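Chemist: Just so it is clear, I am handing over query.cif, which has mmCIF, C-alpha atoms and all ligand atoms.
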```cif
data_run
loop_
_atom_site.label_atom_id
_atom_site.label_comp_id
_atom_site.auth_asym_id
_atom_site.auth_seq_id
_atom_site.Cartn_x
_atom_site.Cartn_y
_atom_site.Cartn_z
CA MET A 1 -17.07 255.10 60.75
CA PRO A 2 -13.64 256.77 61.08
CA ALA A 3 -12.72 258.05 64.50
CA THR A 4 -11.08 261.44 64.35
CA THR A 5 -8.47 260.55 66.94
CA LEU A 6 -8.08 257.48 69.08
CA ASP A 7 -5.83 257.89 72.07
CA ILE A 8 -5.14 254.63 73.92
CA THR A 9 -3.51 254.86 77.33
CA ALA A 10 -2.69 252.35 80.03
CA ILE A 11 -4.18 252.60 83.50
CA PRO A 12 -2.02 250.43 85.75
CA ALA A 13 -4.04 248.22 88.10
CA LEU A 14 -3.45 245.46 90.66
CA THR A 15 0.12 244.15 90.52
CA ASP A 16 0.94 244.13 86.82
CA ASN A 17 -2.35 244.59 84.94
CA TYR A 18 -3.08 247.33 82.43
CA ILE A 19 -6.62 248.60 81.91
CA TRP A 20 -6.68 250.21 78.46
CA LEU A 21 -8.50 253.54 78.17
CA LEU A 22 -9.83 254.48 74.73
CA ASP A 23 -10.43 258.20 74.37
CA THR A 24 -11.57 259.80 71.11
CA GLY A 25 -11.27 263.31 72.47
CA ASP A 26 -14.96 264.21 72.75
CA GLY A 27 -15.46 263.49 76.45
CA GLN A 28 -16.59 259.88 76.02
CA CYS A 29 -14.44 256.84 76.55
CA ALA A 30 -14.20 253.07 76.83
CA VAL A 31 -12.05 250.78 78.95
CA VAL A 32 -10.84 247.25 78.34
CA ASP A 33 -10.59 244.68 81.17
CA PRO A 34 -11.08 246.81 84.30
CA GLY A 35 -9.85 244.50 87.05
CA GLU A 36 -10.29 247.40 89.48
CA ALA A 37 -12.64 250.40 89.46
CA GLN A 38 -10.77 253.02 91.47
CA PRO A 39 -7.81 253.52 89.12
CA VAL A 40 -10.32 254.08 86.29
CA LEU A 41 -12.47 256.49 88.33
CA ASP A 42 -9.30 258.36 89.30
CA VAL A 43 -8.63 259.02 85.60
CA LEU A 44 -12.23 259.73 84.49
CA GLU A 45 -12.96 262.46 87.00
CA PRO A 46 -10.02 264.85 86.40
CA ARG A 47 -10.26 264.38 82.64
CA GLY A 48 -14.03 264.91 82.63
CA LEU A 49 -14.58 261.65 80.76
CA ASP A 50 -17.87 259.80 80.58
CA LEU A 51 -17.32 256.03 80.52
CA ARG A 52 -19.67 254.65 77.85
CA TYR A 53 -18.29 251.19 77.16
CA ILE A 54 -16.51 248.40 79.01
CA LEU A 55 -14.96 245.64 76.89
CA LEU A 56 -14.02 242.32 78.50
CA THR A 57 -11.71 239.73 76.97
CA HIS A 58 -12.28 236.96 79.53
CA HIS A 59 -13.80 236.22 82.91
CA HIS A 60 -10.72 236.27 85.20
CA PHE A 61 -11.06 238.51 88.26
CA ASP A 62 -8.10 240.70 87.35
CA HIS A 63 -9.96 241.69 84.16
CA VAL A 64 -13.54 242.09 85.43
CA ASP A 65 -13.68 242.80 89.17
CA GLY A 66 -13.94 246.57 88.67
CA VAL A 67 -17.10 246.30 86.54
CA PRO A 68 -19.82 246.39 89.27
CA GLU A 69 -18.36 249.51 90.88
CA LEU A 70 -17.87 251.22 87.51
CA LEU A 71 -21.54 250.51 86.72
CA GLU A 72 -22.55 252.21 89.99
CA HIS A 73 -20.80 255.38 88.83
CA THR A 74 -21.46 255.33 85.08
CA GLY A 75 -24.03 254.17 82.54
CA ALA A 76 -21.49 252.09 80.62
CA SER A 77 -22.53 249.17 78.41
CA VAL A 78 -20.58 245.97 78.94
CA TYR A 79 -19.36 243.87 76.01
CA GLY A 80 -17.86 240.46 76.60
CA PRO A 81 -17.74 236.83 75.63
CA VAL A 82 -20.52 234.29 75.89
CA ASP A 83 -19.81 232.82 79.34
CA ASP A 84 -22.23 232.28 82.21
CA ARG A 85 -19.46 233.23 84.64
CA LEU A 86 -19.90 236.82 83.40
CA SER A 87 -23.25 238.01 84.76
CA PHE A 88 -23.01 241.70 83.91
CA VAL A 89 -22.34 241.51 80.16
CA ASP A 90 -25.18 243.17 78.29
CA THR A 91 -23.84 242.63 74.77
CA VAL A 92 -22.36 239.21 74.13
CA CYS A 93 -19.65 239.16 71.48
CA ARG A 94 -19.16 236.32 69.03
CA GLU A 95 -16.54 235.45 66.45
CA GLY A 96 -16.80 237.53 63.32
CA GLN A 97 -19.17 240.06 64.85
CA GLU A 98 -18.44 243.75 64.55
CA ILE A 99 -19.23 245.73 67.66
CA ARG A 100 -19.98 249.39 67.08
CA LEU A 101 -19.20 251.83 69.84
CA ASP A 102 -21.27 254.57 68.24
CA ALA A 103 -20.71 257.20 70.92
CA LEU A 104 -16.98 256.97 70.20
CA GLY A 105 -17.20 256.42 66.44
CA LEU A 106 -15.28 253.17 66.84
CA ALA A 107 -15.92 249.62 65.67
CA PHE A 108 -14.10 246.43 66.59
CA GLN A 109 -14.10 242.96 65.14
CA VAL A 110 -14.50 240.11 67.63
CA LEU A 111 -12.07 237.20 67.41
CA ASP A 112 -12.62 233.98 69.34
CA ILE A 113 -9.27 232.92 70.77
CA PRO A 114 -9.96 230.16 73.33
CA ALA A 115 -6.86 228.67 75.03
CA HIS A 116 -6.06 230.65 78.21
CA THR A 117 -9.80 230.34 78.99
CA ARG A 118 -12.44 228.59 76.92
CA SER A 119 -14.37 231.78 76.11
CA HIS A 120 -11.50 234.23 75.66
CA ILE A 121 -12.05 236.80 72.90
CA ALA A 122 -10.03 239.64 71.38
CA PHE A 123 -11.12 242.96 69.92
CA TYR A 124 -9.47 244.23 66.74
CA GLY A 125 -9.98 247.56 65.03
CA HIS A 126 -8.35 250.89 64.15
CA GLY A 127 -4.99 249.13 63.94
CA ALA A 128 -5.24 248.01 67.57
CA LEU A 129 -5.61 244.54 69.07
CA PHE A 130 -6.87 244.00 72.62
CA CYS A 131 -5.91 240.41 73.30
CA GLY A 132 -6.22 240.10 77.10
CA ASP A 133 -4.15 237.20 78.39
CA THR A 134 -3.82 235.18 75.17
CA LEU A 135 -0.96 236.96 73.43
CA PHE A 136 1.51 238.85 75.62
CA SER A 137 4.50 240.73 74.37
CA ILE A 138 7.13 237.99 73.89
CA GLY A 139 4.85 235.46 75.55
CA CYS A 140 1.40 233.92 75.74
CA GLY A 141 -1.12 233.07 78.44
CA ARG A 142 -1.14 229.91 80.47
CA LEU A 143 -3.37 227.10 79.28
CA PHE A 144 -6.01 227.08 82.03
CA GLU A 145 -8.98 225.89 79.97
CA GLY A 146 -7.51 225.04 76.59
CA THR A 147 -4.81 223.00 74.93
CA ALA A 148 -1.61 223.71 73.02
CA PRO A 149 -3.44 223.17 69.69
CA ASP A 150 -6.01 225.74 70.87
CA MET A 151 -3.22 228.23 71.59
CA GLN A 152 -1.60 227.48 68.23
CA ARG A 153 -4.92 228.22 66.48
CA ALA A 154 -5.50 231.35 68.55
CA LEU A 155 -2.05 232.77 67.83
CA ASP A 156 -2.31 231.79 64.15
CA LYS A 157 -5.52 233.80 63.97
CA LEU A 158 -3.82 236.83 65.50
CA ALA A 159 -0.75 236.34 63.28
CA ALA A 160 -2.98 236.83 60.23
CA LEU A 161 -3.68 240.47 61.20
CA PRO A 162 -1.58 243.24 59.60
CA VAL A 163 2.02 243.33 60.88
CA ASP A 164 1.70 246.95 61.98
CA THR A 165 -1.19 246.09 64.32
CA ARG A 166 -0.50 247.51 67.77
CA VAL A 167 -0.75 244.83 70.46
CA PHE A 168 -2.40 245.91 73.71
CA CYS A 169 -2.17 242.95 76.05
CA ALA A 170 -3.31 243.02 79.65
CA HIS A 171 -0.14 242.48 81.69
CA GLU A 172 3.34 243.91 82.05
CA TYR A 173 5.12 240.57 81.71
CA THR A 174 7.47 241.53 78.89
CA GLN A 175 10.77 241.55 80.78
CA SER A 176 10.38 238.07 82.27
CA ASN A 177 9.01 236.85 78.94
CA CYS A 178 12.19 238.11 77.23
CA ALA A 179 14.33 236.11 79.66
CA PHE A 180 12.47 232.94 78.69
CA ALA A 181 12.46 233.77 74.97
CA LEU A 182 16.24 234.23 75.08
CA ALA A 183 16.55 230.77 76.63
CA VAL A 184 14.62 229.40 73.63
CA GLU A 185 16.30 231.50 70.94
CA PRO A 186 19.57 232.98 72.25
CA ASP A 187 20.74 233.87 68.74
CA ASN A 188 17.63 235.79 67.64
CA THR A 189 19.00 239.32 67.09
CA ALA A 190 15.55 240.96 66.86
CA LEU A 191 14.78 239.41 70.24
CA GLN A 192 18.12 240.57 71.69
CA HIS A 193 17.28 244.14 70.63
CA ARG A 194 13.74 243.95 72.04
CA ALA A 195 15.09 242.53 75.33
CA SER A 196 17.59 245.36 75.78
CA GLU A 197 14.95 247.97 74.92
CA VAL A 198 12.59 246.34 77.47
CA ASP A 199 15.35 246.38 80.12
CA ARG A 200 15.91 250.09 79.47
CA LEU A 201 12.17 250.86 79.66
CA ARG A 202 11.66 248.88 82.85
CA SER A 203 14.69 250.36 84.58
CA ASN A 204 13.03 253.76 83.96
CA GLY A 205 9.70 252.44 85.24
CA GLU A 206 8.18 252.74 81.76
CA ILE A 207 5.60 250.58 80.04
CA THR A 208 6.74 248.12 77.34
CA LEU A 209 3.42 248.20 75.48
CA PRO A 210 1.96 248.33 72.98
CA SER A 211 4.19 246.19 70.85
CA THR A 212 3.44 245.47 67.23
CA LEU A 213 2.41 242.20 65.68
CA GLY A 214 5.53 242.40 63.51
CA GLU A 215 7.72 242.53 66.62
CA GLU A 216 5.89 239.55 68.08
CA LEU A 217 6.33 237.58 64.87
CA SER A 218 10.08 238.28 65.00
CA CYS A 219 10.67 237.83 68.72
CA ASN A 220 7.93 235.87 70.48
CA PRO A 221 8.70 232.13 70.57
CA PHE A 222 4.99 231.28 70.89
CA MET A 223 4.39 233.06 67.56
CA ARG A 224 7.38 231.22 66.06
CA THR A 225 6.57 227.53 66.60
CA ARG A 226 7.25 226.81 62.92
CA GLU A 227 10.71 228.42 62.95
CA ASP A 228 13.61 225.99 62.90
CA ALA A 229 15.41 227.52 65.90
CA VAL A 230 12.31 227.24 68.09
CA ILE A 231 11.51 223.69 66.94
CA GLU A 232 15.13 222.67 67.64
CA ALA A 233 14.97 224.16 71.14
CA ALA A 234 11.73 222.22 71.75
CA ARG A 235 13.33 219.01 70.40
CA ARG A 236 16.10 219.27 72.95
CA ARG A 237 13.37 218.80 75.57
CA ASP A 238 11.12 216.43 73.60
CA PRO A 239 12.52 214.74 70.49
CA GLN A 240 8.95 214.29 69.15
CA ALA A 241 8.40 218.05 68.85
CA ALA A 242 7.44 219.14 65.32
CA ALA A 243 6.41 222.43 63.75
CA GLY A 244 3.28 223.98 65.23
CA ALA A 245 1.17 222.69 68.10
CA SER A 246 3.61 220.10 69.48
CA THR A 247 6.38 222.70 69.72
CA MET A 248 3.80 225.03 71.31
CA ALA A 249 3.05 222.31 73.90
CA VAL A 250 6.72 221.80 74.73
CA ILE A 251 7.66 225.47 75.08
CA ARG A 252 4.46 226.34 76.99
CA ALA A 253 5.22 223.55 79.53
CA TRP A 254 8.86 224.69 79.66
CA LYS A 255 7.78 228.28 80.37
CA ASP A 256 5.43 227.08 83.15
CA ARG A 257 8.48 225.79 85.03
CA PHE A 258 10.95 228.48 83.95
ZN ZN B 301 -6.43 235.66 82.64
FE FE B 302 -4.85 238.37 83.70
#
```
Write out the structure in this file as structure tokens.

Modeler:
Amino acid sequence: MPATTLDITAIPALTDNYIWLLDTGDGQCAVVDPGEAQPVLDVLEPRGLDLRYILLTHHHFDHVDGVPELLEHTGASVYGPVDDRLSFVDTVCREGQEIRLDALGLAFQVLDIPAHTRSHIAFYGHGALFCGDTLFSIGCGRLFEGTAPDMQRALDKLAALPVDTRVFCAHEYTQSNCAFALAVEPDNTALQHRASEVDRLRSNGEITLPSTLGEELSCNPFMRTREDAVIEAARRRDPQAAAGASTMAVIRAWKDRF
């Protein structure tokens, strides 16, 4: 089911959220995590787009609060995780399932990635990953309903995707994430380059996304909890830290207070 073209653009919303708009160029579209309706409606009308699908990664208000108003204006179908806090999902998405957005000629694989919330999912397809608040560029989500081992498993699952996967996360947190990452790994040259590029983009008011999975593997300390430099930084705060989940626990707690 190859899409002819897939144009993915960010619709800024709330303080620092991005709602991702998927447009295949035939007048139909989808959005991911609409925390507000009006910024989406403001894009649909001038572009003559019909919103057919809404994809939700998790139940937090800044990802779902626009859904009821969007449903008043459109006939969109809502895809989201199994979670009774999400009343308006009409197609529940489970691990390993492929969701087919037939009107757009797109299909996405559903990945369960509980950690930030217990029912958080990601959508992967067409070289793009929509990972909500689990993986950020150079960071990861807070552990509201999961544990450090959960986050380690979630990020390991994402790390197994192709390195050229484009990462569409839900917040513009990259610049502050770089400051923390540099505290963990000051000598990481790939990270130094990413941080200066991010500074340049942000000083021009530009978006820092998408990144690629390869960049995250090289620069994001939460994707690097088995790298010696990251483990050593964690051990300076907790001598028990070892490769993987315990280093994840130490650096996640460190970031919470950073
Ligand atoms: Zn969230
Ligand atoms: Fe969020």

Chemist: Find the residue from A:Thr134, A:Asn220, A:Thr174, A:Gln97 that sits nearest to ligand ZN 301 (chain B); use only C-alpha atoms and all ligand atoms when measuring.

Modeler: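 Selected residue with least distance to ligand ZN 301 (chain B): A:Thr134.
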
Chemist: Please identify the residues whose atoms come within 7 Å of ligand FE 302 (chain B), using all atoms listed in the file, and report them as a ChimeraX atom specification.

Modeler: /A:17,60,62-63,132-133,170-171

Chemist: Rank A:Leu182, A:Ile207, A:Met151, A:Leu71 by their smallest atom-to-atom distance to A:Gly244, using all atoms listed in the file, and report the top residue only.

Modeler: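 Going through A:Leu182, A:Ile207, A:Met151, A:Leu71 one by one, the smallest distance to A:Gly244 is for A:Met151.
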
Chemist: Find the distance between atom CA of A:Gly127 and atom CA of A:Thr247 and write it in Å to one decimal.

Modeler: 29.3 Å

Chemist: With all atoms listed in the file as the atoms that count, which of A:Arg226, A:His73, A:Arg257, A:Arg118 lies nearest to ligand ZN 301 (chain B)?

Modeler: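 Closest residue, counting all atoms listed in the file: A:Arg118.
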